[in-house]
Amino acid sequence: MNNQLIIFDTTLRDGEQSPGASLSVSEKVEIAKQLEKLNVDVIEAGFPVSSPEQYEAVERISNEVGVTVAALARAKEIDIKSAYDAIKNGEKKRIHTFSSTSDYHILGKFGDDRYGRTLAEKRETIIKMSYDMVKYAKSLVDDVEFSAEDAGRTDLNYLVEVIEAAIEAGATTINIPDTTGYTFPREFGEKIAYLKKKVKNIENAIISVHCHNDLGLAVANSIAGIENGARQVECTINGIGERAGNAALEEIVMALKVRKDILGIESKIDTKEIMNTSKLVSGYTGIIVQPNKAIVGENAFAHESGIHQDGMLKNRETYEIMTPETVGVQNTKIVLGRHSGRHGLKARLDELGYKVAPEDLNNIYKSFTKLADKKKEVYDDDLRILMGDSKNRNEAIYDLKYMHVFGGSSTIPTATVRIKVDGKVNEDSATGDGPVDALFNAIDRAIDKKPTVESYRVRSVTAGREALGEVAVRIRKDDRSYTGVGVSTDIIEASGKAYIQAINKKEHHERIKNKLQNEEELKGEI
Ligand code: KIV
Ligand code: ZN
């Protein structure tokens, strides 16, 4: 049997469904380019019909990267048409369509009598819808993937019937999601083995697995699926995703690499790019990686106890099953300082995976020298933050030009801000419970909006007293949340940057939505 594993990365689709992880279009494009560098086989770039930003992101990624780009669509004509439109100009394109197949989902989502009165009738309707929509997708592109949503809890014989219909209609990848993270590894592996044995013409399709982590078993289940014949795995960077997340790409890839002796299955992933990708995703989504997380956590390669350190010094293999270098963790941490020049900065940024256009280098260098003045040693993580920051400034609708915050144990915390809004400068001041509250109140007054702050988190990014502090602020409007991340050696300033960035994301989203609504209304009038 083929021993090559297809890595289908869904960080930008399922991963972005993590609460508060909303990414801007340009952040998604940048992550997609890094995923290409990591050498994933397929990038699921989004769900185009679900929002104008999703559509735009899928379209841009499809036009700008060379790997296969998948667009998600329910088994509905409108979804499939929108998925196709978004990817049609791309080099390699895939439509990924899905139907619900478990009784829980069928009775919950297809309760309406027009799908049939009994469960048996509804099941038949779903088979027909799946067949028709795979066929429609196949009329648009060659590469069609079909997913049986909640396959983990679907009656196995019914699952066989649905999959046979999808293959007959032209699906070339059949995905088996454990949507609710319910199954156990042995059970999930047996399901894959059963499907491989029973489904007619299964040899015409690649079996894929897509596991969620509700019981902490997503990676174990994915590996059980691979052991039993799956040759595509759907996963996300850092394991982000709906609820407890998806299977973590880095864990699956490194498990296969380290234990090649057991499975003999390989991926094409360039493992040295794992750390860069993990940091980029964490920085843009604001979802921090837990320190003890396998492969990419801060402590993944730290040896604390004397016995371990002694063993490591004598022979690394005593306590290390893979080297940190394999996943792109560098041992040399301090890279630059205030005396470093443009060449040194550009070379280091290149190594970290950032393509700096000559016309941008001056501005980036200016921000670098400002930072190097505040910090003696500039670490790789500082540079990553600097790059994220310079990107976000370009997209600002609200540009925080100035802030002054005044606090102390016996004064009323007060803040004054100056914000450029669509070319006009607004100034305002406010007081608050503390300096951060005062600052947020002043910003609210200056922009005449008061978003609900859902969460506020602060942490230090690098080591030392003058370390950069990173603040992540999540705000909510209607049914969506938006996360902004700000970084500075001053955490009050970082708070202001994070809050403004979250507001900018919300504003971008609302402006695109309104623009499309107006266009629709205008069409109606014409
Ligand atoms: O978890 C799931 O079932 C999904 C499908 C859309 C593949 O994400
Ligand atoms: Zn999923």
# chains A, B, ... in the order shown; residues from 1 in each chain; ligands from 1

call {"tool": "residues_around", "arguments": {"residues": "Lys420 of chain A", "least_positions_apart": "5", "cutoff": "7 Å", "atoms": "only C-alpha atoms", "output": "PDB file with all heavy atoms, in the first residue's frame"}}
result
ATOM      1  N   TYR A 398      -8.829  52.646  12.190  1.00  0.00           N
ATOM      2  CA  TYR A 398      -8.541  53.499  13.346  1.00  0.00           C
ATOM      3  C   TYR A 398      -7.049  53.385  13.634  1.00  0.00           C
ATOM      4  O   TYR A 398      -6.546  52.292  13.872  1.00  0.00           O
ATOM      5  CB  TYR A 398      -9.312  53.007  14.576  1.00  0.00           C
ATOM      6  CG  TYR A 398     -10.800  53.050  14.394  1.00  0.00           C
ATOM      7  CD1 TYR A 398     -11.539  51.886  14.309  1.00  0.00           C
ATOM      8  CD2 TYR A 398     -11.468  54.270  14.303  1.00  0.00           C
ATOM      9  CE1 TYR A 398     -12.905  51.920  14.135  1.00  0.00           C
ATOM     10  CE2 TYR A 398     -12.843  54.315  14.121  1.00  0.00           C
ATOM     11  CZ  TYR A 398     -13.541  53.139  14.042  1.00  0.00           C
ATOM     12  OH  TYR A 398     -14.897  53.193  13.858  1.00  0.00           O
ATOM     13  N   ASP A 399      -6.365  54.518  13.617  1.00  0.00           N
ATOM     14  CA  ASP A 399      -4.924  54.498  13.815  1.00  0.00           C
ATOM     15  C   ASP A 399      -4.605  55.234  15.128  1.00  0.00           C
ATOM     16  O   ASP A 399      -4.847  56.440  15.234  1.00  0.00           O
ATOM     17  CB  ASP A 399      -4.281  55.200  12.603  1.00  0.00           C
ATOM     18  CG  ASP A 399      -2.792  54.961  12.547  1.00  0.00           C
ATOM     19  OD1 ASP A 399      -2.282  54.265  13.436  1.00  0.00           O
ATOM     20  OD2 ASP A 399      -2.151  55.486  11.617  1.00  0.00           O
ATOM     21  N   LEU A 400      -4.121  54.486  16.100  1.00  0.00           N
ATOM     22  CA  LEU A 400      -3.837  55.086  17.415  1.00  0.00           C
ATOM     23  C   LEU A 400      -2.522  55.846  17.338  1.00  0.00           C
ATOM     24  O   LEU A 400      -1.446  55.267  17.323  1.00  0.00           O
ATOM     25  CB  LEU A 400      -3.758  53.954  18.454  1.00  0.00           C
ATOM     26  CG  LEU A 400      -3.584  54.332  19.909  1.00  0.00           C
ATOM     27  CD1 LEU A 400      -4.657  55.290  20.386  1.00  0.00           C
ATOM     28  CD2 LEU A 400      -3.602  53.075  20.770  1.00  0.00           C
ATOM     29  N   LYS A 401      -2.632  57.172  17.269  1.00  0.00           N
ATOM     30  CA  LYS A 401      -1.437  57.986  17.040  1.00  0.00           C
ATOM     31  C   LYS A 401      -0.695  58.314  18.320  1.00  0.00           C
ATOM     32  O   LYS A 401       0.510  58.509  18.329  1.00  0.00           O
ATOM     33  CB  LYS A 401      -1.842  59.321  16.376  1.00  0.00           C
ATOM     34  CG  LYS A 401      -2.308  59.165  14.946  1.00  0.00           C
ATOM     35  CD  LYS A 401      -1.110  58.820  14.111  1.00  0.00           C
ATOM     36  CE  LYS A 401      -1.344  58.735  12.661  1.00  0.00           C
ATOM     37  NZ  LYS A 401      -0.321  57.952  11.975  1.00  0.00           N
ATOM     38  N   VAL A 425      -8.620  63.485  12.639  1.00  0.00           N
ATOM     39  CA  VAL A 425      -8.014  63.179  13.936  1.00  0.00           C
ATOM     40  C   VAL A 425      -9.001  63.477  15.068  1.00  0.00           C
ATOM     41  O   VAL A 425      -9.550  64.575  15.151  1.00  0.00           O
ATOM     42  CB  VAL A 425      -6.713  64.004  14.121  1.00  0.00           C
ATOM     43  CG1 VAL A 425      -6.148  63.787  15.513  1.00  0.00           C
ATOM     44  CG2 VAL A 425      -5.697  63.596  13.068  1.00  0.00           C
ATOM     45  N   ASN A 426      -9.256  62.495  15.923  1.00  0.00           N
ATOM     46  CA  ASN A 426     -10.132  62.683  17.096  1.00  0.00           C
ATOM     47  C   ASN A 426      -9.301  62.567  18.369  1.00  0.00           C
ATOM     48  O   ASN A 426      -8.462  61.680  18.474  1.00  0.00           O
ATOM     49  CB  ASN A 426     -11.193  61.581  17.162  1.00  0.00           C
ATOM     50  CG  ASN A 426     -12.182  61.656  16.030  1.00  0.00           C
ATOM     51  OD1 ASN A 426     -12.157  62.601  15.242  1.00  0.00           O
ATOM     52  ND2 ASN A 426     -13.040  60.665  15.927  1.00  0.00           N
TER      53      ASN A 426
END

call {"tool": "residues_near_ligand", "arguments": {"ligand": "ligand 1", "cutoff": "10 Å", "atoms": "only C-alpha atoms and all ligand atoms", "output": "number ranges by chain"}}
result
A: 10, 13-15, 17, 47, 72-74, 96-101, 145-152, 175-181, 209-212, 234, 241-242, 245-246

call {"tool": "residues_around", "arguments": {"residues": "segment 467-482 of chain A", "least_positions_apart": "3", "cutoff": "8 Å", "atoms": "only C-alpha atoms", "output": "count of residues only"}}
result
36

call {"tool": "residues_around", "arguments": {"residues": "Ser282 of chain A", "least_positions_apart": "5", "cutoff": "12 Å", "atoms": "only C-alpha atoms", "output": "PyMOL selection string"}}
result
chain A and resi 11+15-16+18+21-23+27+31+236-240+275-277+287-290+296-297+381+384-385+388+461+470+472+483-485

call {"tool": "write_last_selection", "arguments": {"atoms": "C-alpha atoms", "output": "PDB file, in the first residue's frame"}}
result
ATOM      1  CA  THR A  11      -5.977  25.872  10.164  1.00  0.00           C
ATOM      2  CA  GLY A  15      -8.827  26.304  12.988  1.00  0.00           C
ATOM      3  CA  GLU A  16     -10.295  29.733  12.449  1.00  0.00           C
ATOM      4  CA  SER A  18     -11.809  28.588  17.386  1.00  0.00           C
ATOM      5  CA  ALA A  21      -9.558  33.440  16.335  1.00  0.00           C
ATOM      6  CA  SER A  22     -10.891  35.615  13.534  1.00  0.00           C
ATOM      7  CA  LEU A  23      -8.036  36.411  11.147  1.00  0.00           C
ATOM      8  CA  GLU A  27      -3.101  37.425   7.886  1.00  0.00           C
ATOM      9  CA  ILE A  31      -0.282  32.002   6.984  1.00  0.00           C
ATOM     10  CA  THR A 236      -4.378  22.230  12.172  1.00  0.00           C
ATOM     11  CA  ILE A 237      -1.297  24.045  13.406  1.00  0.00           C
ATOM     12  CA  ASN A 238      -1.122  23.978  17.224  1.00  0.00           C
ATOM     13  CA  GLY A 239      -4.297  21.834  17.155  1.00  0.00           C
ATOM     14  CA  ILE A 240      -6.569  24.884  17.113  1.00  0.00           C
ATOM     15  CA  MET A 275       8.147  26.262  14.855  1.00  0.00           C
ATOM     16  CA  ASN A 276       7.942  29.295  12.548  1.00  0.00           C
ATOM     17  CA  THR A 277       4.465  28.223  11.462  1.00  0.00           C
ATOM     18  CA  ILE A 287      -4.323  31.731  20.867  1.00  0.00           C
ATOM     19  CA  ILE A 288      -1.305  30.981  22.977  1.00  0.00           C
ATOM     20  CA  VAL A 289       0.379  27.599  22.904  1.00  0.00           C
ATOM     21  CA  GLN A 290       0.362  25.907  26.308  1.00  0.00           C
ATOM     22  CA  VAL A 296       5.833  23.414  19.905  1.00  0.00           C
ATOM     23  CA  GLY A 297       5.328  24.249  23.610  1.00  0.00           C
ATOM     24  CA  ASP A 381      10.285  36.245  18.887  1.00  0.00           C
ATOM     25  CA  ARG A 384       8.238  37.988  14.686  1.00  0.00           C
ATOM     26  CA  ILE A 385       6.138  40.398  16.722  1.00  0.00           C
ATOM     27  CA  GLY A 388       3.143  41.196  12.735  1.00  0.00           C
ATOM     28  CA  VAL A 461       6.946  37.167  25.039  1.00  0.00           C
ATOM     29  CA  GLU A 470       2.010  40.772  24.642  1.00  0.00           C
ATOM     30  CA  ALA A 472      -4.515  39.901  23.560  1.00  0.00           C
ATOM     31  CA  THR A 483      -9.056  39.268  18.766  1.00  0.00           C
ATOM     32  CA  GLY A 484      -6.394  41.944  18.647  1.00  0.00           C
ATOM     33  CA  VAL A 485      -2.828  41.386  19.747  1.00  0.00           C
TER      34      VAL A 485
END

call {"tool": "residues_around", "arguments": {"residues": "Ile206 of chain A", "least_positions_apart": "4", "cutoff": "10 Å", "atoms": "only C-alpha atoms", "output": "PDB file with C-alpha atoms, in the first residue's frame"}}
result
ATOM      1  CA  ILE A   6      -1.351  13.665   2.313  1.00  0.00           C
ATOM      2  CA  GLU A 145     -13.689  15.681  -1.579  1.00  0.00           C
ATOM      3  CA  ALA A 171     -15.525  12.057  -5.242  1.00  0.00           C
ATOM      4  CA  THR A 172     -11.831  11.218  -5.188  1.00  0.00           C
ATOM      5  CA  THR A 173     -11.269  11.823  -1.479  1.00  0.00           C
ATOM      6  CA  ILE A 174     -13.622  10.448   1.174  1.00  0.00           C
ATOM      7  CA  ASN A 175     -13.242  12.115   4.538  1.00  0.00           C
ATOM      8  CA  LYS A 196     -11.932   0.067   3.399  1.00  0.00           C
ATOM      9  CA  ILE A 202     -13.142   2.510  -2.388  1.00  0.00           C
ATOM     10  CA  GLY A 229      -5.605   2.635   5.596  1.00  0.00           C
ATOM     11  CA  ALA A 230      -6.307   6.383   5.656  1.00  0.00           C
ATOM     12  CA  ARG A 231      -3.814   8.253   3.470  1.00  0.00           C
ATOM     13  CA  GLN A 232      -4.965  11.806   4.061  1.00  0.00           C
TER      14      GLN A 232
END

call {"tool": "residues_around", "arguments": {"residues": "Gly46 of chain A", "least_positions_apart": "4", "cutoff": "12 Å", "atoms": "only C-alpha atoms", "output": "NGL selection string"}}
result
:A and (9-17 or 22-23 or 25 or 28-29 or 32 or 50-62 or 69-73 or 79 or 82-83 or 86-87 or 94-96)

call {"tool": "atom_distance", "arguments": {"atom1": "atom CA of Ala415 of chain A", "atom2": "atom CA of Asn441 of chain A"}}
result
8.1 Å

call {"tool": "residues_around", "arguments": {"residues": "Asp373 of chain A", "least_positions_apart": "2", "cutoff": "12 Å", "atoms": "only C-alpha atoms", "output": "JSON list (two decimals) with C-alpha atoms, in the first residue's frame"}}
result
[["chain", "number", "residue", "atom", "x", "y", "z"],
["A", 336, "LEU", "CA", 20.42, 41.32, 17.08],
["A", 337, "GLY", "CA", 20.96, 44.50, 19.02],
["A", 338, "ARG", "CA", 21.03, 48.29, 18.59],
["A", 339, "HIS", "CA", 24.24, 48.15, 16.53],
["A", 340, "SER", "CA", 22.89, 45.67, 13.98],
["A", 366, "LYS", "CA", 13.09, 52.08, 11.90],
["A", 367, "SER", "CA", 10.74, 50.05, 14.13],
["A", 368, "PHE", "CA", 13.60, 47.66, 14.86],
["A", 369, "THR", "CA", 15.96, 50.42, 16.03],
["A", 370, "LYS", "CA", 13.22, 51.87, 18.23],
["A", 371, "LEU", "CA", 12.79, 48.46, 19.82],
["A", 375, "LYS", "CA", 15.73, 46.37, 24.70],
["A", 376, "LYS", "CA", 19.41, 45.46, 24.73],
["A", 377, "GLU", "CA", 18.86, 42.10, 23.06],
["A", 378, "VAL", "CA", 16.39, 41.51, 20.28],
["A", 466, "GLU", "CA", 12.77, 44.56, 29.51],
["A", 489, "THR", "CA", 7.87, 46.83, 26.32]]

call {"tool": "closest_residue", "arguments": {"among": "A:Tyr158, A:Tyr354, A:Phe110, A:Tyr319", "to": "Leu195 of chain A", "atoms": "only C-alpha atoms"}}
result
A:Tyr158

call {"tool": "closest_residue", "arguments": {"among": "A:Ala224, A:Val160, A:Ala396, A:Cys235", "to": "ligand 2", "atoms": "only C-alpha atoms and all ligand atoms"}}
result
A:Cys235

call {"tool": "select_by_dssp", "arguments": {"residues": "segment 229-442 of chain A", "states": "strand (DSSP E or B)", "output": "PyMOL selection string"}}
result
chain A and resi 232-236+246+248+266+334-336+378-379+398-406+414-421+424-431

call {"tool": "closest_residue", "arguments": {"among": "A:Ile419, A:Ile397, A:Glu351, A:Ile207", "to": "Gln501 of chain A", "atoms": "only C-alpha atoms"}}
result
A:Ile397

call {"tool": "atom_distance", "arguments": {"atom1": "atom CA of Met387 of chain A", "atom2": "atom CA of Glu64 of chain A"}}
result
20.0 Å

call {"tool": "atom_distance", "arguments": {"atom1": "atom CA of Leu383 of chain A", "atom2": "atom CA of Gly283 of chain A"}}
result
11.7 Å
